[in-house]
file target34.cif (mmCIF, C-alpha atoms)
data_my_file
loop_
_atom_site.label_atom_id
_atom_site.label_comp_id
_atom_site.auth_asym_id
_atom_site.auth_seq_id
_atom_site.Cartn_x
_atom_site.Cartn_y
_atom_site.Cartn_z
CA ASP C 1 177.63 -72.15 38.25
CA THR C 2 176.70 -74.98 35.93
CA GLY C 3 177.78 -73.51 32.62
CA VAL C 4 176.07 -71.71 29.78
CA SER C 5 172.30 -72.06 29.87
CA GLN C 6 169.84 -71.36 27.08
CA ASP C 7 166.09 -71.00 27.13
CA PRO C 8 163.92 -72.39 25.69
CA ARG C 9 165.47 -75.67 24.59
CA HIS C 10 162.91 -76.13 21.85
CA LYS C 11 160.67 -73.69 20.00
CA ILE C 12 158.11 -74.41 17.30
CA THR C 13 156.66 -71.37 15.62
CA LYS C 14 154.58 -70.52 12.59
CA ARG C 15 156.17 -68.73 9.69
CA GLY C 16 155.95 -64.99 10.12
CA GLN C 17 155.96 -65.02 13.91
CA ASN C 18 158.66 -63.44 16.05
CA VAL C 19 160.74 -65.50 18.46
CA THR C 20 163.22 -64.59 21.19
CA PHE C 21 165.87 -66.79 22.75
CA ARG C 22 167.82 -66.19 25.93
CA CYS C 23 171.37 -67.10 26.87
CA ASP C 24 172.92 -66.91 30.33
CA PRO C 25 176.71 -67.20 30.06
CA ILE C 26 179.09 -68.40 32.73
CA SER C 27 179.01 -65.58 35.25
CA GLU C 28 182.55 -64.22 34.97
CA HIS C 29 182.72 -64.50 31.17
CA ASN C 30 182.76 -61.18 29.37
CA ARG C 31 182.63 -62.57 25.82
CA LEU C 32 179.42 -64.02 24.43
CA TYR C 33 178.81 -65.54 21.01
CA TRP C 34 175.78 -66.69 19.06
CA TYR C 35 176.14 -69.46 16.51
CA ARG C 36 173.64 -71.28 14.33
CA GLN C 37 173.94 -74.96 13.45
CA THR C 38 171.98 -76.94 10.89
CA LEU C 39 171.87 -80.72 10.71
CA GLY C 40 175.20 -82.26 9.73
CA GLN C 41 177.03 -78.94 9.67
CA GLY C 42 179.39 -77.19 12.03
CA PRO C 43 178.26 -74.14 14.00
CA GLU C 44 178.12 -70.92 11.98
CA PHE C 45 179.03 -67.59 13.60
CA LEU C 46 176.24 -65.04 13.94
CA THR C 47 177.36 -62.33 16.35
CA TYR C 48 179.71 -61.53 19.23
CA PHE C 49 179.59 -59.36 22.36
CA GLN C 50 182.33 -58.18 24.64
CA ASN C 51 180.56 -57.10 27.79
CA GLU C 52 177.53 -55.15 26.56
CA ALA C 53 179.08 -54.07 23.26
CA GLN C 54 178.14 -55.95 20.12
CA LEU C 55 181.47 -56.01 18.31
CA GLU C 56 180.70 -58.03 15.23
CA LYS C 57 177.79 -59.37 13.21
CA SER C 58 177.98 -61.91 10.45
CA ARG C 59 177.07 -60.69 6.97
CA LEU C 60 174.77 -63.70 6.90
CA LEU C 61 172.65 -62.14 9.62
CA SER C 62 169.71 -60.41 7.97
CA ASP C 63 167.92 -57.38 9.38
CA ARG C 64 165.32 -59.72 10.83
CA PHE C 65 167.86 -60.85 13.43
CA SER C 66 168.80 -58.72 16.41
CA ALA C 67 170.78 -59.48 19.52
CA GLU C 68 171.27 -57.62 22.75
CA ARG C 69 173.30 -58.02 25.88
CA PRO C 70 172.12 -55.42 28.38
CA LYS C 71 174.53 -54.75 31.24
CA GLY C 72 176.91 -57.33 29.85
CA SER C 73 175.15 -60.26 31.48
CA PHE C 74 172.54 -62.41 29.71
CA SER C 75 171.87 -62.03 26.01
CA THR C 76 168.78 -62.32 23.83
CA LEU C 77 168.52 -63.19 20.16
CA GLU C 78 165.33 -62.15 18.40
CA ILE C 79 164.20 -63.29 14.98
CA GLN C 80 161.39 -61.30 13.42
CA ARG C 81 159.05 -62.62 10.73
CA THR C 82 160.51 -66.10 10.90
CA GLU C 83 161.03 -68.09 7.70
CA GLN C 84 161.38 -71.83 7.22
CA GLY C 85 165.06 -71.34 6.46
CA ASP C 86 165.55 -70.07 10.01
CA SER C 87 164.95 -73.58 11.33
CA ALA C 88 168.18 -74.58 13.07
CA MET C 89 169.88 -75.04 16.42
CA TYR C 90 170.89 -71.69 17.91
CA LEU C 91 173.93 -72.03 20.13
CA CYS C 92 175.33 -69.58 22.62
CA ALA C 93 178.91 -69.69 23.85
CA SER C 94 180.90 -67.67 26.35
CA SER C 95 184.56 -67.17 27.14
CA ALA C 96 186.84 -65.13 29.33
CA PRO C 97 190.29 -64.11 28.16
CA SER C 98 192.94 -64.33 30.81
CA PRO C 99 193.84 -60.89 32.21
CA TRP C 100 197.34 -62.16 32.82
CA GLU C 101 198.17 -62.75 29.20
CA PRO C 102 200.22 -60.01 27.54
CA MET C 103 197.62 -59.96 24.80
CA TYR C 104 194.12 -61.28 24.96
CA LEU C 105 194.90 -64.62 23.40
CA ASN C 106 192.31 -67.12 22.36
CA THR C 107 190.84 -69.22 25.07
CA GLU C 108 188.27 -71.96 25.27
CA ALA C 109 184.65 -71.11 24.55
CA PHE C 110 181.95 -72.99 26.44
CA PHE C 111 178.76 -73.76 24.58
CA GLY C 112 175.23 -74.03 25.88
CA GLN C 113 172.84 -76.84 24.97
CA GLY C 114 171.21 -74.67 22.33
CA THR C 115 167.69 -73.74 21.33
CA ARG C 116 166.22 -75.80 18.53
CA LEU C 117 163.94 -73.68 16.38
CA THR C 118 161.44 -75.25 14.01
CA VAL C 119 159.48 -72.92 11.73
CA VAL C 120 156.37 -74.51 10.26
CA GLN A 1 185.74 -70.05 3.74
CA GLN A 2 185.06 -73.18 5.74
CA PRO A 3 188.02 -75.36 6.76
CA VAL A 4 187.97 -78.85 5.31
CA GLN A 5 188.19 -81.84 7.61
CA SER A 6 189.24 -85.37 6.74
CA PRO A 7 188.16 -88.04 6.96
CA GLN A 8 184.44 -87.28 6.91
CA ALA A 9 183.73 -90.37 8.96
CA VAL A 10 185.68 -93.16 10.59
CA ILE A 11 184.80 -96.31 12.48
CA LEU A 12 187.29 -97.70 14.99
CA ARG A 13 187.43 -100.53 17.46
CA GLU A 14 188.00 -99.62 21.07
CA GLY A 15 191.72 -99.14 21.72
CA GLU A 16 192.64 -98.09 18.19
CA ASP A 17 194.09 -94.71 17.29
CA ALA A 18 192.62 -92.01 15.09
CA VAL A 19 193.89 -88.89 13.36
CA ILE A 20 191.56 -86.12 12.23
CA ASN A 21 192.83 -83.42 9.92
CA CYS A 22 191.73 -79.82 9.44
CA SER A 23 192.92 -77.71 6.53
CA SER A 24 192.27 -74.04 5.88
CA SER A 25 192.84 -71.81 2.88
CA LYS A 26 193.39 -68.80 5.15
CA ALA A 27 196.22 -67.95 7.53
CA LEU A 28 195.37 -69.29 10.96
CA TYR A 29 195.95 -67.63 14.31
CA SER A 30 194.47 -70.43 16.33
CA VAL A 31 192.70 -73.75 15.93
CA HIS A 32 190.07 -74.98 18.37
CA TRP A 33 188.88 -78.58 18.51
CA TYR A 34 185.44 -79.60 19.78
CA ARG A 35 183.55 -82.85 20.11
CA GLN A 36 179.78 -82.92 19.78
CA LYS A 37 177.53 -85.85 20.62
CA HIS A 38 174.10 -86.09 19.06
CA GLY A 39 171.71 -83.56 20.57
CA GLU A 40 174.35 -82.10 22.87
CA ALA A 41 176.47 -78.96 22.99
CA PRO A 42 179.95 -78.95 21.46
CA VAL A 43 182.54 -79.68 24.16
CA PHE A 44 185.94 -78.01 24.12
CA LEU A 45 188.92 -80.35 23.64
CA MET A 46 191.99 -78.43 22.60
CA ILE A 47 193.20 -75.04 21.48
CA LEU A 48 196.38 -74.49 19.50
CA LEU A 49 197.72 -70.98 19.28
CA LYS A 50 200.01 -69.45 16.72
CA GLY A 51 203.44 -69.62 18.22
CA GLY A 52 203.02 -73.08 19.64
CA GLU A 53 201.11 -72.76 22.89
CA GLN A 54 198.50 -75.45 23.50
CA LYS A 55 195.73 -75.89 26.02
CA GLY A 56 193.68 -79.01 26.26
CA HIS A 57 192.94 -82.40 27.65
CA GLU A 58 195.68 -84.78 28.75
CA LYS A 59 194.65 -87.77 26.63
CA ILE A 60 194.23 -85.82 23.43
CA SER A 61 197.02 -84.24 21.48
CA ALA A 62 197.15 -82.09 18.39
CA SER A 63 199.54 -80.43 16.04
CA PHE A 64 199.38 -77.09 14.27
CA ASN A 65 201.34 -76.41 11.10
CA GLU A 66 201.13 -72.64 10.69
CA LYS A 67 202.86 -72.60 7.33
CA LYS A 68 200.47 -75.10 5.81
CA GLN A 69 197.40 -73.79 7.71
CA GLN A 70 196.70 -77.30 8.92
CA SER A 71 195.97 -78.96 12.21
CA SER A 72 195.64 -82.60 13.20
CA LEU A 73 193.93 -84.09 16.24
CA TYR A 74 195.32 -87.35 17.62
CA LEU A 75 193.12 -89.67 19.62
CA THR A 76 195.06 -92.56 21.09
CA ALA A 77 193.73 -95.76 22.63
CA SER A 78 190.20 -94.71 21.76
CA GLN A 79 187.40 -95.31 24.24
CA LEU A 80 183.68 -95.71 23.61
CA SER A 81 183.17 -92.23 25.04
CA TYR A 82 185.21 -90.75 22.17
CA SER A 83 182.34 -91.34 19.75
CA GLY A 84 180.84 -88.18 18.32
CA THR A 85 181.41 -85.58 15.66
CA TYR A 86 184.65 -83.64 15.86
CA PHE A 87 184.85 -80.08 14.61
CA CYS A 88 187.83 -77.84 14.17
CA GLY A 89 187.17 -74.13 14.55
CA THR A 90 189.61 -71.66 13.09
CA GLU A 91 190.31 -68.07 14.07
CA THR A 92 191.70 -66.05 11.20
CA SER A 93 191.26 -62.44 12.28
CA GLY A 94 194.18 -62.25 14.66
CA PHE A 95 192.03 -60.39 17.19
CA GLY A 96 192.38 -63.21 19.70
CA ASN A 97 188.71 -63.89 20.17
CA GLU A 98 186.59 -66.99 19.74
CA LYS A 99 184.79 -65.98 16.57
CA LEU A 100 185.41 -69.29 14.88
CA THR A 101 184.81 -70.72 11.44
CA PHE A 102 184.00 -74.35 11.96
CA GLY A 103 184.99 -77.18 9.67
CA THR A 104 182.86 -79.73 7.92
CA GLY A 105 183.07 -82.21 10.80
CA THR A 106 184.38 -85.76 11.24
CA ARG A 107 182.03 -88.39 12.60
CA LEU A 108 183.89 -90.87 14.78
CA THR A 109 182.26 -94.13 15.83
CA ILE A 110 183.97 -96.40 18.35
CA ILE A 111 182.74 -99.97 18.53
CA PRO A 112 183.53 -102.47 21.32
#

call {"tool": "encode", "arguments": {"input": "target34.cif", "output": "structure tokens"}}
result
Amino acid sequence: DTGVSQDPRHKITKRGQNVTFRCDPISEHNRLYWYRQTLGQGPEFLTYFQNEAQLEKSRLLSDRFSAERPKGSFSTLEIQRTEQGDSAMYLCASSAPSPWEPMYLNTEAFFGQGTRLTVV
Amino acid sequence: QQPVQSPQAVILREGEDAVINCSSSKALYSVHWYRQKHGEAPVFLMILLKGGEQKGHEKISASFNEKKQQSSLYLTASQLSYSGTYFCGTETSGFGNEKLTFGTGTRLTIIP
């Protein structure tokens, strides 16, 4: 397993079109995160899955954004009716809390290379 | 609210030391440090947990002041490979997940 992989790496789309990105996490990782990063800024949280359950969505995520993680494996992020402000790097990360910890403490999250979206 | 990092940018000669600070206005349960090179994914460096536990790389150390909601990353004897932008990510919910609020970033440039 070579880490978190994302597809495509680059996407150019016209305003108003729909786009879908895919993320394949590290195989044994049950947590999966989507972040968005614009130039010169840190990643910004979008949404989070534990297995197949979407546990949290950022208030910044409009109704045009939807994410799924069927069967708790890969995840897709869809943006409908894209706008120029959606142009950004979309990053996926995965993690696996240790089952031996008394509580599920934080652990390291591994990021994919991201999908760079340009809306023209 | 986004944690604030300082300095925003620093240039060092190879072999010099650097300290990067991260300050939050919210109570912190953990602080995660990442390094990102241009066009690449953020790479995990260090995690500091409330209560003092740390996980990370051998050549990088960090501190976590829970009372002040601050963390500092220490890079000693810097190497050319240390160049990149460093981000702290903070977890404030207490749920023990990796939903992080990332800081403003510190660009580190190491010159020979």

call {"tool": "closest_atom_pairs", "arguments": {"input": "target34.cif", "of": "chain C", "to": "chain A", "cutoff": "7 Å", "atoms": "only C-alpha atoms", "output": "tab-separated table"}}
result
residue	atom	partner	partner_atom	distance
C:Gln41	CA	A:Thr104	CA	6.1
C:Gly42	CA	A:Phe102	CA	5.4
C:Pro43	CA	A:Phe102	CA	6.1
C:Glu44	CA	A:Thr101	CA	6.7
C:Phe45	CA	A:Lys99	CA	6.7
C:Tyr104	CA	A:Gly96	CA	5.9
C:Leu105	CA	A:Gly96	CA	4.7
C:Asn106	CA	A:Gly96	CA	4.7
C:Glu108	CA	A:Phe44	CA	6.6
C:Ala109	CA	A:Glu98	CA	6.6
C:Phe110	CA	A:Phe44	CA	6.8
C:Phe111	CA	A:Ala41	CA	5.9
C:Gly112	CA	A:Ala41	CA	5.8
C:Gln113	CA	A:Ala41	CA	4.6
C:Gly114	CA	A:Ala41	CA	6.8

call {"tool": "resolve_selection", "arguments": {"input": "target34.cif", "expression": "the PyMOL selection byres ((chain C and resi 9-16) around 6)", "output": "VMD selection string"}}
result
chain C and resid 7 to 8 17 81 to 83 115 to 120

call {"tool": "residues_around", "arguments": {"input": "target34.cif", "residues": "Lys59 of chain A", "least_positions_apart": "2", "cutoff": "12 Å", "atoms": "all atoms listed in the file", "output": "list of chain:residue names"}}
result
A:Asp17, A:Leu45, A:Met46, A:Lys55, A:Gly56, A:His57, A:Ser61, A:Ala62, A:Leu73, A:Tyr74, A:Leu75, A:Thr76, A:Ala77, A:Ser78, A:Gln79, A:Tyr82

call {"tool": "atom_distance", "arguments": {"input": "target34.cif", "atom1": "atom CA of Leu61 of chain C", "atom2": "atom CA of Ile79 of chain C"}}
result
10.1 Å

call {"tool": "atom_distance", "arguments": {"input": "target34.cif", "atom1": "atom CA of Ser66 of chain C", "atom2": "atom CA of Leu91 of chain C"}}
result
14.7 Å

call {"tool": "resolve_selection", "arguments": {"input": "target34.cif", "expression": "the PyMOL selection byres ((chain C and resi 64) around 6)", "output": "VMD selection string"}}
result
chain C and resid 62 to 63 65 79 to 80

call {"tool": "atom_distance", "arguments": {"input": "target34.cif", "atom1": "atom CA of Gln8 of chain A", "atom2": "atom CA of Asp86 of chain C"}}
result
25.7 Å

call {"tool": "resolve_selection", "arguments": {"input": "target34.cif", "expression": "the PyMOL selection byres ((chain A and resi 11) around 12)", "output": "ChimeraX atom specification"}}
result
/A:7-10,12-19,78,80,82-85,106-112

call {"tool": "write_last_selection", "arguments": {"input": "target34.cif", "atoms": "C-alpha atoms", "output": "CSV table (one decimal), in the frame of the given file"}}
result
chain,number,residue,atom,x,y,z
A,7,PRO,CA,188.2,-88.0,7.0
A,8,GLN,CA,184.4,-87.3,6.9
A,9,ALA,CA,183.7,-90.4,9.0
A,10,VAL,CA,185.7,-93.2,10.6
A,12,LEU,CA,187.3,-97.7,15.0
A,13,ARG,CA,187.4,-100.5,17.5
A,14,GLU,CA,188.0,-99.6,21.1
A,15,GLY,CA,191.7,-99.1,21.7
A,16,GLU,CA,192.6,-98.1,18.2
A,17,ASP,CA,194.1,-94.7,17.3
A,18,ALA,CA,192.6,-92.0,15.1
A,19,VAL,CA,193.9,-88.9,13.4
A,78,SER,CA,190.2,-94.7,21.8
A,80,LEU,CA,183.7,-95.7,23.6
A,82,TYR,CA,185.2,-90.8,22.2
A,83,SER,CA,182.3,-91.3,19.8
A,84,GLY,CA,180.8,-88.2,18.3
A,85,THR,CA,181.4,-85.6,15.7
A,106,THR,CA,184.4,-85.8,11.2
A,107,ARG,CA,182.0,-88.4,12.6
A,108,LEU,CA,183.9,-90.9,14.8
A,109,THR,CA,182.3,-94.1,15.8
A,110,ILE,CA,184.0,-96.4,18.4
A,111,ILE,CA,182.7,-100.0,18.5
A,112,PRO,CA,183.5,-102.5,21.3

call {"tool": "residues_around", "arguments": {"input": "target34.cif", "residues": "Leu39 of chain C", "least_positions_apart": "5", "cutoff": "10 Å", "atoms": "all atoms listed in the file", "output": "list in words"}}
result
Ser87, Ala88 and Met89 of chain C

call {"tool": "residues_around", "arguments": {"input": "target34.cif", "residues": "Cys22 of chain A", "least_positions_apart": "5", "cutoff": "7 Å", "atoms": "only C-alpha atoms", "output": "number ranges by chain"}}
result
A: 3-6, 70-72, 88

call {"tool": "residues_around", "arguments": {"input": "target34.cif", "residues": "Ser73 of chain C", "least_positions_apart": "3", "cutoff": "10 Å", "atoms": "only C-alpha atoms", "output": "PyMOL selection string"}}
result
chain C and resi 23-32+51-52+68-70
